[in-house]
file upload-v7.pdb (PDB, C-alpha atoms)
ATOM      1  CA  MET P   1     -13.860 -13.293 -31.529
ATOM      2  CA  SER P   2     -11.050 -10.988 -30.419
ATOM      3  CA  VAL P   3      -7.507 -12.325 -30.219
ATOM      4  CA  ILE P   4      -4.885 -10.381 -28.256
ATOM      5  CA  LEU P   5      -1.182 -11.243 -28.259
ATOM      6  CA  ALA P   6       0.827  -9.770 -25.368
ATOM      7  CA  LEU P   7       4.569  -9.422 -24.721
ATOM      8  CA  ASP P   8       6.565  -8.161 -21.760
ATOM      9  CA  THR P   9      10.228  -7.758 -20.835
ATOM     10  CA  SER P  10       9.934  -4.618 -18.705
ATOM     11  CA  THR P  11      11.499  -6.239 -15.620
ATOM     12  CA  GLU P  12      13.617  -9.310 -14.849
ATOM     13  CA  ALA P  13      10.767 -11.510 -16.123
ATOM     14  CA  CYS P  14      10.088 -12.345 -19.765
ATOM     15  CA  SER P  15       6.627 -13.443 -20.858
ATOM     16  CA  ALA P  16       4.240 -13.819 -23.765
ATOM     17  CA  ALA P  17       0.529 -14.632 -23.808
ATOM     18  CA  ILE P  18      -2.357 -14.929 -26.183
ATOM     19  CA  ILE P  19      -6.027 -14.782 -25.260
ATOM     20  CA  THR P  20      -9.173 -15.440 -27.248
ATOM     21  CA  ASP P  21     -12.773 -15.138 -26.113
ATOM     22  CA  ASN P  22     -12.651 -18.592 -24.514
ATOM     23  CA  ALA P  23      -8.997 -19.595 -24.016
ATOM     24  CA  GLU P  24      -5.656 -18.282 -22.810
ATOM     25  CA  PHE P  25      -2.066 -19.439 -23.295
ATOM     26  CA  SER P  26       1.074 -18.024 -21.714
ATOM     27  CA  GLU P  27       4.803 -18.495 -21.214
ATOM     28  CA  TYR P  28       6.681 -16.867 -18.328
ATOM     29  CA  GLU P  29      10.246 -17.026 -17.054
ATOM     30  CA  VAL P  30      12.406 -14.913 -14.783
ATOM     31  CA  CYS P  31      15.558 -14.641 -16.904
ATOM     32  CA  PRO P  32      17.489 -11.368 -16.524
ATOM     33  CA  ARG P  33      19.630 -10.445 -19.537
ATOM     34  CA  GLU P  34      18.125 -13.226 -21.663
ATOM     35  CA  HIS P  35      15.036 -11.445 -22.960
ATOM     36  CA  ASN P  36      16.361 -11.038 -26.491
ATOM     37  CA  GLN P  37      16.979 -14.766 -26.711
ATOM     38  CA  LYS P  38      13.684 -15.854 -25.133
ATOM     39  CA  LEU P  39      10.870 -13.527 -26.178
ATOM     40  CA  LEU P  40      10.308 -14.449 -29.830
ATOM     41  CA  ALA P  41      10.455 -18.163 -28.977
ATOM     42  CA  MET P  42       7.761 -17.562 -26.352
ATOM     43  CA  VAL P  43       5.621 -15.757 -28.932
ATOM     44  CA  GLU P  44       5.966 -18.683 -31.323
ATOM     45  CA  LYS P  45       5.095 -21.123 -28.525
ATOM     46  CA  VAL P  46       1.862 -19.402 -27.434
ATOM     47  CA  LEU P  47       0.727 -18.991 -31.041
ATOM     48  CA  ALA P  48       1.392 -22.682 -31.680
ATOM     49  CA  ASP P  49      -0.385 -23.718 -28.472
ATOM     50  CA  ALA P  50      -3.404 -21.657 -29.507
ATOM     51  CA  GLN P  51      -3.202 -23.078 -33.051
ATOM     52  CA  LEU P  52      -3.119 -19.551 -34.422
ATOM     53  CA  THR P  53      -0.813 -17.437 -36.550
ATOM     54  CA  LEU P  54      -0.021 -13.744 -36.405
ATOM     55  CA  ASP P  55      -2.628 -13.239 -39.134
ATOM     56  CA  ASP P  56      -5.302 -14.359 -36.644
ATOM     57  CA  VAL P  57      -4.321 -11.727 -34.071
ATOM     58  CA  ASP P  58      -6.403  -8.538 -33.746
ATOM     59  CA  ALA P  59      -3.894  -6.478 -31.741
ATOM     60  CA  ILE P  60      -0.598  -6.750 -29.890
ATOM     61  CA  ALA P  61      -0.425  -5.536 -26.295
ATOM     62  CA  TYR P  62       2.907  -4.866 -24.643
ATOM     63  CA  GLY P  63       4.333  -3.932 -21.274
ATOM     64  CA  SER P  64       5.211  -0.301 -21.891
ATOM     65  CA  GLY P  65       7.038   0.277 -18.605
ATOM     66  CA  PRO P  66       8.204   1.718 -16.376
ATOM     67  CA  GLY P  67      10.907  -0.767 -15.507
ATOM     68  CA  SER P  68      14.244  -1.774 -16.948
ATOM     69  CA  PHE P  69      15.237   0.700 -19.668
ATOM     70  CA  THR P  70      16.801  -2.074 -21.734
ATOM     71  CA  GLY P  71      13.867  -4.425 -21.181
ATOM     72  CA  VAL P  72      11.280  -1.840 -22.177
ATOM     73  CA  ARG P  73      13.245  -1.061 -25.334
ATOM     74  CA  ILE P  74      13.433  -4.756 -26.241
ATOM     75  CA  THR P  75       9.670  -5.232 -25.979
ATOM     76  CA  THR P  76       8.872  -2.018 -27.813
ATOM     77  CA  GLY P  77      11.241  -2.805 -30.666
ATOM     78  CA  ILE P  78       9.958  -6.360 -31.130
ATOM     79  CA  VAL P  79       6.323  -5.232 -30.942
ATOM     80  CA  GLN P  80       6.987  -2.537 -33.514
ATOM     81  CA  GLY P  81       8.510  -5.095 -35.867
ATOM     82  CA  LEU P  82       5.728  -7.650 -35.460
ATOM     83  CA  ALA P  83       2.907  -5.124 -35.618
ATOM     84  CA  TYR P  84       4.325  -3.143 -38.536
ATOM     85  CA  GLY P  85       4.934  -6.268 -40.586
ATOM     86  CA  ALA P  86       1.460  -7.673 -39.936
ATOM     87  CA  GLN P  87      -0.284  -4.263 -40.029
ATOM     88  CA  LEU P  88      -1.649  -4.741 -36.496
ATOM     89  CA  PRO P  89      -2.606  -2.079 -33.936
ATOM     90  CA  VAL P  90      -0.705  -1.989 -30.662
ATOM     91  CA  ILE P  91      -1.841  -1.465 -27.090
ATOM     92  CA  GLY P  92       0.483  -0.116 -24.414
ATOM     93  CA  VAL P  93      -0.186  -1.433 -20.907
ATOM     94  CA  GLY P  94       1.671  -0.028 -17.920
ATOM     95  CA  SER P  95       3.874  -2.463 -16.023
ATOM     96  CA  LEU P  96       2.694  -1.238 -12.613
ATOM     97  CA  ALA P  97      -0.949  -1.667 -13.608
ATOM     98  CA  ALA P  98      -0.228  -5.148 -14.978
ATOM     99  CA  MET P  99       1.372  -6.156 -11.672
ATOM    100  CA  ALA P 100      -1.661  -4.919  -9.762
ATOM    101  CA  HIS P 101      -3.974  -6.804 -12.106
ATOM    102  CA  GLY P 102      -1.960  -9.961 -11.479
ATOM    103  CA  VAL P 103      -2.676  -9.720  -7.757
ATOM    104  CA  PHE P 104      -6.393  -9.354  -8.460
ATOM    105  CA  ARG P 105      -6.366 -12.271 -10.887
ATOM    106  CA  ARG P 106      -4.611 -14.556  -8.407
ATOM    107  CA  THR P 107      -6.185 -13.478  -5.101
ATOM    108  CA  GLY P 108      -9.212 -11.260  -5.719
ATOM    109  CA  ALA P 109      -7.621  -8.374  -3.774
ATOM    110  CA  ASN P 110      -8.706  -5.174  -5.490
ATOM    111  CA  HIS P 111      -6.789  -2.298  -3.859
ATOM    112  CA  ILE P 112      -3.164  -2.662  -4.908
ATOM    113  CA  ILE P 113       0.002  -0.591  -4.498
ATOM    114  CA  SER P 114       2.671  -1.558  -7.045
ATOM    115  CA  ALA P 115       6.294  -0.545  -6.545
ATOM    116  CA  ILE P 116       9.308  -1.424  -8.704
ATOM    117  CA  ASP P 117      12.852  -0.764  -7.483
ATOM    118  CA  ALA P 118      14.033   1.997  -9.842
ATOM    119  CA  ARG P 119      17.603   2.097  -8.469
ATOM    120  CA  MET P 120      19.204   5.392  -7.424
ATOM    121  CA  ALA P 121      17.235   5.170  -4.131
ATOM    122  CA  GLU P 122      13.916   5.561  -5.969
ATOM    123  CA  ILE P 123      10.856   3.470  -6.864
ATOM    124  CA  TYR P 124       8.357   3.421  -9.689
ATOM    125  CA  LEU P 125       5.017   3.664  -7.904
ATOM    126  CA  GLY P 126       1.313   3.305  -8.699
ATOM    127  CA  ALA P 127      -1.903   2.547  -6.801
ATOM    128  CA  TYR P 128      -5.012   0.965  -8.325
ATOM    129  CA  HIS P 129      -8.574  -0.162  -7.727
ATOM    130  CA  ILE P 130      -9.548  -3.149  -9.862
ATOM    131  CA  THR P 131     -13.233  -3.812 -10.423
ATOM    132  CA  GLU P 132     -13.062  -6.861 -12.697
ATOM    133  CA  LEU P 133     -10.649  -8.639 -15.009
ATOM    134  CA  GLY P 134      -9.225  -6.125 -17.452
ATOM    135  CA  LYS P 135     -10.501  -3.038 -15.617
ATOM    136  CA  VAL P 136      -7.733  -1.297 -13.687
ATOM    137  CA  ASN P 137      -8.482   2.162 -12.323
ATOM    138  CA  PRO P 138      -5.474   4.279 -11.244
ATOM    139  CA  LEU P 139      -5.809   6.042  -7.901
ATOM    140  CA  MET P 140      -2.735   8.235  -8.423
ATOM    141  CA  ASP P 141      -0.420   9.256 -11.223
ATOM    142  CA  GLU P 142       2.385   6.779 -11.768
ATOM    143  CA  VAL P 143       5.606   8.354 -10.522
ATOM    144  CA  VAL P 144       9.280   7.743  -9.916
ATOM    145  CA  THR P 145       9.964   8.893  -6.381
ATOM    146  CA  GLN P 146      11.939   8.324  -3.238
ATOM    147  CA  PRO P 147      10.195   5.739  -1.023
ATOM    148  CA  HIS P 148      10.014   8.057   2.001
ATOM    149  CA  ASP P 149       6.607   9.766   2.275
ATOM    150  CA  SER P 150       5.533   8.347  -1.099
ATOM    151  CA  ILE P 151       2.241   6.678  -0.083
ATOM    152  CA  ASN P 152       1.223   8.629   3.022
ATOM    153  CA  HIS P 153      -1.287  10.552   0.908
ATOM    154  CA  LEU P 154      -3.267   7.412   0.058
ATOM    155  CA  PRO P 155      -6.296   6.646   2.256
ATOM    156  CA  LYS P 156      -5.905   3.925   4.845
ATOM    157  CA  ASP P 157      -7.485   0.878   3.233
ATOM    158  CA  ASN P 158      -7.154  -2.864   2.826
ATOM    159  CA  TRP P 159      -4.142  -2.539   0.547
ATOM    160  CA  THR P 160      -2.134  -5.347  -1.000
ATOM    161  CA  SER P 161       1.431  -4.684  -2.132
ATOM    162  CA  ILE P 162       3.346  -6.077  -5.103
ATOM    163  CA  GLY P 163       6.774  -5.560  -6.626
ATOM    164  CA  THR P 164      10.483  -5.357  -5.942
ATOM    165  CA  GLY P 165      10.134  -1.886  -4.447
ATOM    166  CA  TRP P 166       8.387  -3.482  -1.476
ATOM    167  CA  GLN P 167      11.318  -5.841  -1.044
ATOM    168  CA  THR P 168      14.038  -3.196  -1.219
ATOM    169  CA  TYR P 169      12.243  -0.488   0.779
ATOM    170  CA  LYS P 170       9.983  -2.573   3.012
ATOM    171  CA  THR P 171      10.702  -0.591   6.174
ATOM    172  CA  GLU P 172      10.121   2.826   4.597
ATOM    173  CA  LEU P 173       6.890   1.805   2.854
ATOM    174  CA  LEU P 174       5.348  -0.194   5.697
ATOM    175  CA  ALA P 175       5.861   2.794   7.978
ATOM    176  CA  GLN P 176       3.342   4.642   5.793
ATOM    177  CA  GLN P 177       0.717   1.985   5.014
ATOM    178  CA  ALA P 178      -0.226  -1.367   6.499
ATOM    179  CA  VAL P 179      -0.524  -3.823   3.624
ATOM    180  CA  ASN P 180      -1.073  -7.458   2.782
ATOM    181  CA  GLN P 181       2.058  -8.514   0.951
ATOM    182  CA  ASP P 182       1.710 -10.534  -2.244
ATOM    183  CA  SER P 183       4.914 -12.541  -2.617
ATOM    184  CA  VAL P 184       3.817 -15.090  -5.232
ATOM    185  CA  GLU P 185       5.033 -13.086  -8.218
ATOM    186  CA  PHE P 186       7.027  -9.865  -8.130
ATOM    187  CA  PHE P 187       6.941  -8.983 -11.825
ATOM    188  CA  PRO P 188       4.427  -8.175 -14.585
ATOM    189  CA  HIS P 189       2.965 -11.128 -16.509
ATOM    190  CA  ALA P 190       1.947 -10.965 -20.183
ATOM    191  CA  LEU P 191      -1.356 -12.667 -19.333
ATOM    192  CA  ASP P 192      -2.394  -9.612 -17.333
ATOM    193  CA  ILE P 193      -1.201  -7.329 -20.116
ATOM    194  CA  ALA P 194      -3.362  -9.324 -22.535
ATOM    195  CA  LEU P 195      -6.435  -9.092 -20.291
ATOM    196  CA  ILE P 196      -6.042  -5.347 -19.779
ATOM    197  CA  GLY P 197      -5.217  -4.975 -23.465
ATOM    198  CA  LYS P 198      -8.408  -6.764 -24.434
ATOM    199  CA  GLN P 199     -10.416  -4.226 -22.436
ATOM    200  CA  GLN P 200      -8.526  -1.312 -24.001
ATOM    201  CA  TRP P 201      -9.058  -2.846 -27.450
ATOM    202  CA  ALA P 202     -12.804  -2.987 -26.824
ATOM    203  CA  GLU P 203     -12.726   0.688 -25.801
ATOM    204  CA  GLY P 204     -10.753   1.726 -28.901
ATOM    205  CA  ASP P 205      -7.647   2.574 -26.881
ATOM    206  CA  PHE P 206      -4.862   1.507 -29.243
ATOM    207  CA  THR P 207      -2.382   3.002 -31.682
ATOM    208  CA  SER P 208      -0.276   2.141 -34.734
ATOM    209  CA  ALA P 209       3.105   0.408 -34.699
ATOM    210  CA  GLU P 210       5.088   3.514 -35.559
ATOM    211  CA  LEU P 211       3.572   5.396 -32.610
ATOM    212  CA  THR P 212       4.507   2.725 -30.084
ATOM    213  CA  THR P 213       6.120   4.504 -27.132
ATOM    214  CA  PRO P 214       7.703   3.212 -23.921
ATOM    215  CA  THR P 215       6.955   4.706 -20.509
ATOM    216  CA  TYR P 216      10.119   5.597 -18.629
ATOM    217  CA  LEU P 217       8.933   8.233 -16.089
ATOM    218  CA  ARG P 218      12.528   9.475 -15.934
ATOM    219  CA  ASN P 219      12.627  12.403 -18.341
ATOM    220  CA  GLU P 220      16.242  12.065 -19.439
ATOM    221  CA  VAL P 221      15.522   8.932 -21.495
ATOM    222  CA  THR P 222      13.947   9.254 -24.954
ATOM    223  CA  TRP P 223      12.745   6.609 -27.385
ATOM    224  CA  LYS P 224      13.634   6.662 -31.061
ATOM    225  CA  LYS P 225      10.791   5.436 -33.264
ATOM    226  CA  MET P 226      11.211   3.191 -36.292
ATOM    227  CA  PRO P 227      13.550   4.607 -38.969
ATOM    228  CA  GLY P 228      11.697   6.859 -41.365
ATOM    229  CA  LYS P 229       8.615   7.062 -39.100
TER     230      LYS P 229
END

call {"tool": "encode", "arguments": {"input": "upload-v7.pdb", "output": "structure tokens"}}
result
Amino acid sequence: MSVILALDTSTEACSAAIITDNAEFSEYEVCPREHNQKLLAMVEKVLADAQLTLDDVDAIAYGSGPGSFTGVRITTGIVQGLAYGAQLPVIGVGSLAAMAHGVFRRTGANHIISAIDARMAEIYLGAYHITELGKVNPLMDEVVTQPHDSINHLPKDNWTSIGTGWQTYKTELLAQQAVNQDSVEFFPHALDIALIGKQQWAEGDFTSAELTTPTYLRNEVTWKKMPGK
């Protein structure tokens, strides 16, 4: 049995989840600026609900970004601490991919364009084809870009949109692609990070705690690894 613990604070939402081969448990709350206070309690709650401890976990998956710089740093730091202390491998899962996977999990739609409002008149953008739970195939490189002319290059298809970028820049984006708009949940969910992480774990796509790295897309931001690592 594989057991994956997942954490995410890359956007306004804070969530934790744990999945086994036959069960899943999750906690989720939209709580800007409260991630530091909420995340570890959520981790404790899902472990207790699953009647497991950190020693039972095979790997920790985390929302690696892009998204809020502060939020991504919070998740990465907490994951480093948990994984290093328990000697567990870590699995980075992109926030945009996790959002797309959430649409597939909830609706079955499998061609998704994810966009997060990146401020400064830009969006974090990705497009994906999802074939089954855990299997997210990127159709373009994830980028930070201005909304104008950002998705014209994608083929016309039965797209579904997700994310705050579609709220902020609805006019600019809809002028380029007709989409079905998913408005149930705008943010990544740790359950999707766990499901994608489980697939990556099975494929050997993981790393060690000290090599845990956020994804910012904006080059001017760098991440400092654990002291002495």

call {"tool": "resolve_selection", "arguments": {"input": "upload-v7.pdb", "expression": "the PyMOL selection byres ((chain P and resi 34-41) around 10)", "output": "PyMOL selection string"}}
result
chain P and resi 7-16+27-33+42-47+70-71+74-75+78+82

call {"tool": "write_last_selection", "arguments": {"input": "upload-v7.pdb", "atoms": "C-alpha atoms", "output": "short mmCIF file (atom, residue, chain, number, x, y, z; two decimals), in the frame of the given file"}}
result
data_model
loop_
_atom_site.label_atom_id
_atom_site.label_comp_id
_atom_site.auth_asym_id
_atom_site.auth_seq_id
_atom_site.Cartn_x
_atom_site.Cartn_y
_atom_site.Cartn_z
CA LEU P 7 4.57 -9.42 -24.72
CA ASP P 8 6.56 -8.16 -21.76
CA THR P 9 10.23 -7.76 -20.84
CA SER P 10 9.93 -4.62 -18.70
CA THR P 11 11.50 -6.24 -15.62
CA GLU P 12 13.62 -9.31 -14.85
CA ALA P 13 10.77 -11.51 -16.12
CA CYS P 14 10.09 -12.34 -19.76
CA SER P 15 6.63 -13.44 -20.86
CA ALA P 16 4.24 -13.82 -23.76
CA GLU P 27 4.80 -18.50 -21.21
CA TYR P 28 6.68 -16.87 -18.33
CA GLU P 29 10.25 -17.03 -17.05
CA VAL P 30 12.41 -14.91 -14.78
CA CYS P 31 15.56 -14.64 -16.90
CA PRO P 32 17.49 -11.37 -16.52
CA ARG P 33 19.63 -10.44 -19.54
CA MET P 42 7.76 -17.56 -26.35
CA VAL P 43 5.62 -15.76 -28.93
CA GLU P 44 5.97 -18.68 -31.32
CA LYS P 45 5.10 -21.12 -28.52
CA VAL P 46 1.86 -19.40 -27.43
CA LEU P 47 0.73 -18.99 -31.04
CA THR P 70 16.80 -2.07 -21.73
CA GLY P 71 13.87 -4.42 -21.18
CA ILE P 74 13.43 -4.76 -26.24
CA THR P 75 9.67 -5.23 -25.98
CA ILE P 78 9.96 -6.36 -31.13
CA LEU P 82 5.73 -7.65 -35.46
#

call {"tool": "closest_atom_pairs", "arguments": {"input": "upload-v7.pdb", "of": "segment 64-174 of chain P", "to": "segment 199-207 of chain P", "cutoff": "7 Å", "atoms": "only C-alpha atoms", "output": "JSON lines"}}
result
{"residue": "P:Pro89", "atom": "CA", "partner": "P:Thr207", "partner_atom": "CA", "distance": 5.6}
{"residue": "P:Val90", "atom": "CA", "partner": "P:Thr207", "partner_atom": "CA", "distance": 5.4}
{"residue": "P:Ile91", "atom": "CA", "partner": "P:Phe206", "partner_atom": "CA", "distance": 4.8}
{"residue": "P:Gly134", "atom": "CA", "partner": "P:Gln199", "partner_atom": "CA", "distance": 5.5}
{"residue": "P:Lys135", "atom": "CA", "partner": "P:Gln199", "partner_atom": "CA", "distance": 6.9}

call {"tool": "residues_around", "arguments": {"input": "upload-v7.pdb", "residues": "Gln167 of chain P", "least_positions_apart": "2", "cutoff": "12 Å", "atoms": "all atoms listed in the file", "output": "MDAnalysis selection string"}}
result
chainID P and resid 114:117 123 147 161:165 169:174 181:183 185:186

call {"tool": "resolve_selection", "arguments": {"input": "upload-v7.pdb", "expression": "the PyMOL selection byres ((chain P and resi 51-57) around 8)", "output": "PyMOL selection string"}}
result
chain P and resi 2-5+47-50+58-60+86+88

call {"tool": "atom_distance", "arguments": {"input": "upload-v7.pdb", "atom1": "atom CA of Asp149 of chain P", "atom2": "atom CA of Gly126 of chain P"}}
result
13.8 Å

call {"tool": "decode", "arguments": {"input": "upload-v7.pdb", "residues": "segment 136-161 of chain P", "atoms": "N, CA and C atoms", "output": "CSV table (one decimal), in the first residue's frame"}}
result
chain,number,residue,atom,x,y,z
P,136,VAL,N,-1.7,13.9,-15.7
P,136,VAL,CA,-1.9,15.3,-16.2
P,136,VAL,C,-0.8,15.5,-17.2
P,137,ASN,N,-1.1,15.8,-18.5
P,137,ASN,CA,-0.2,16.0,-19.5
P,137,ASN,C,-0.2,17.4,-20.0
P,138,PRO,N,1.0,18.1,-19.8
P,138,PRO,CA,1.0,19.6,-20.2
P,138,PRO,C,1.0,19.7,-21.7
P,139,LEU,N,0.3,20.7,-22.2
P,139,LEU,CA,0.2,21.0,-23.6
P,139,LEU,C,1.0,22.2,-24.0
P,140,MET,N,1.6,22.9,-23.0
P,140,MET,CA,2.4,24.0,-23.2
P,140,MET,C,3.3,24.2,-22.0
P,141,ASP,N,4.4,24.9,-22.1
P,141,ASP,CA,5.2,25.2,-20.9
P,141,ASP,C,4.4,26.2,-20.0
P,142,GLU,N,4.5,26.0,-18.7
P,142,GLU,CA,3.9,26.9,-17.8
P,142,GLU,C,4.7,28.2,-17.9
P,143,VAL,N,3.9,29.3,-17.9
P,143,VAL,CA,4.6,30.7,-18.1
P,143,VAL,C,3.9,31.7,-17.2
P,144,VAL,N,4.6,32.8,-17.0
P,144,VAL,CA,4.0,34.0,-16.5
P,144,VAL,C,4.0,35.0,-17.7
P,145,THR,N,2.8,35.5,-18.0
P,145,THR,CA,2.7,36.3,-19.2
P,145,THR,C,1.6,37.3,-19.1
P,146,GLN,N,1.5,38.3,-20.0
P,146,GLN,CA,0.4,39.1,-20.0
P,146,GLN,C,-0.8,38.4,-20.6
P,147,PRO,N,-2.0,38.6,-20.2
P,147,PRO,CA,-3.2,37.8,-20.7
P,147,PRO,C,-3.4,38.0,-22.2
P,148,HIS,N,-3.1,39.2,-22.8
P,148,HIS,CA,-3.4,39.4,-24.2
P,148,HIS,C,-2.5,38.5,-25.0
P,149,ASP,N,-3.2,37.8,-26.0
P,149,ASP,CA,-2.5,36.9,-26.9
P,149,ASP,C,-1.8,35.8,-26.3
P,150,SER,N,-2.2,35.3,-25.1
P,150,SER,CA,-1.5,34.3,-24.3
P,150,SER,C,-2.0,32.9,-24.7
P,151,ILE,N,-3.2,32.7,-25.2
P,151,ILE,CA,-3.7,31.4,-25.5
P,151,ILE,C,-4.2,31.2,-26.9
P,152,ASN,N,-3.9,32.2,-27.7
P,152,ASN,CA,-4.3,32.1,-29.2
P,152,ASN,C,-3.6,31.0,-29.9
P,153,HIS,N,-2.5,30.6,-29.4
P,153,HIS,CA,-1.7,29.5,-30.1
P,153,HIS,C,-2.3,28.1,-29.8
P,154,LEU,N,-3.1,28.0,-28.8
P,154,LEU,CA,-3.7,26.7,-28.5
P,154,LEU,C,-4.8,26.4,-29.5
P,155,PRO,N,-4.9,25.1,-29.9
P,155,PRO,CA,-6.0,24.7,-30.8
P,155,PRO,C,-7.3,25.0,-30.3
P,156,LYS,N,-8.3,25.3,-31.1
P,156,LYS,CA,-9.7,25.4,-30.7
P,156,LYS,C,-10.2,24.0,-30.3
P,157,ASP,N,-10.7,24.0,-29.1
P,157,ASP,CA,-11.1,22.7,-28.5
P,157,ASP,C,-12.2,22.9,-27.5
P,158,ASN,N,-12.6,21.8,-26.9
P,158,ASN,CA,-13.6,21.9,-25.8
P,158,ASN,C,-12.9,22.2,-24.5
P,159,TRP,N,-12.4,23.4,-24.4
P,159,TRP,CA,-11.7,23.8,-23.2
P,159,TRP,C,-12.6,24.1,-22.0
P,160,THR,N,-12.0,23.8,-20.8
P,160,THR,CA,-12.6,24.3,-19.6
P,160,THR,C,-11.6,25.1,-18.9
P,161,SER,N,-12.0,26.3,-18.3
P,161,SER,CA,-11.1,27.2,-17.6
P,161,SER,C,-11.2,27.1,-16.1
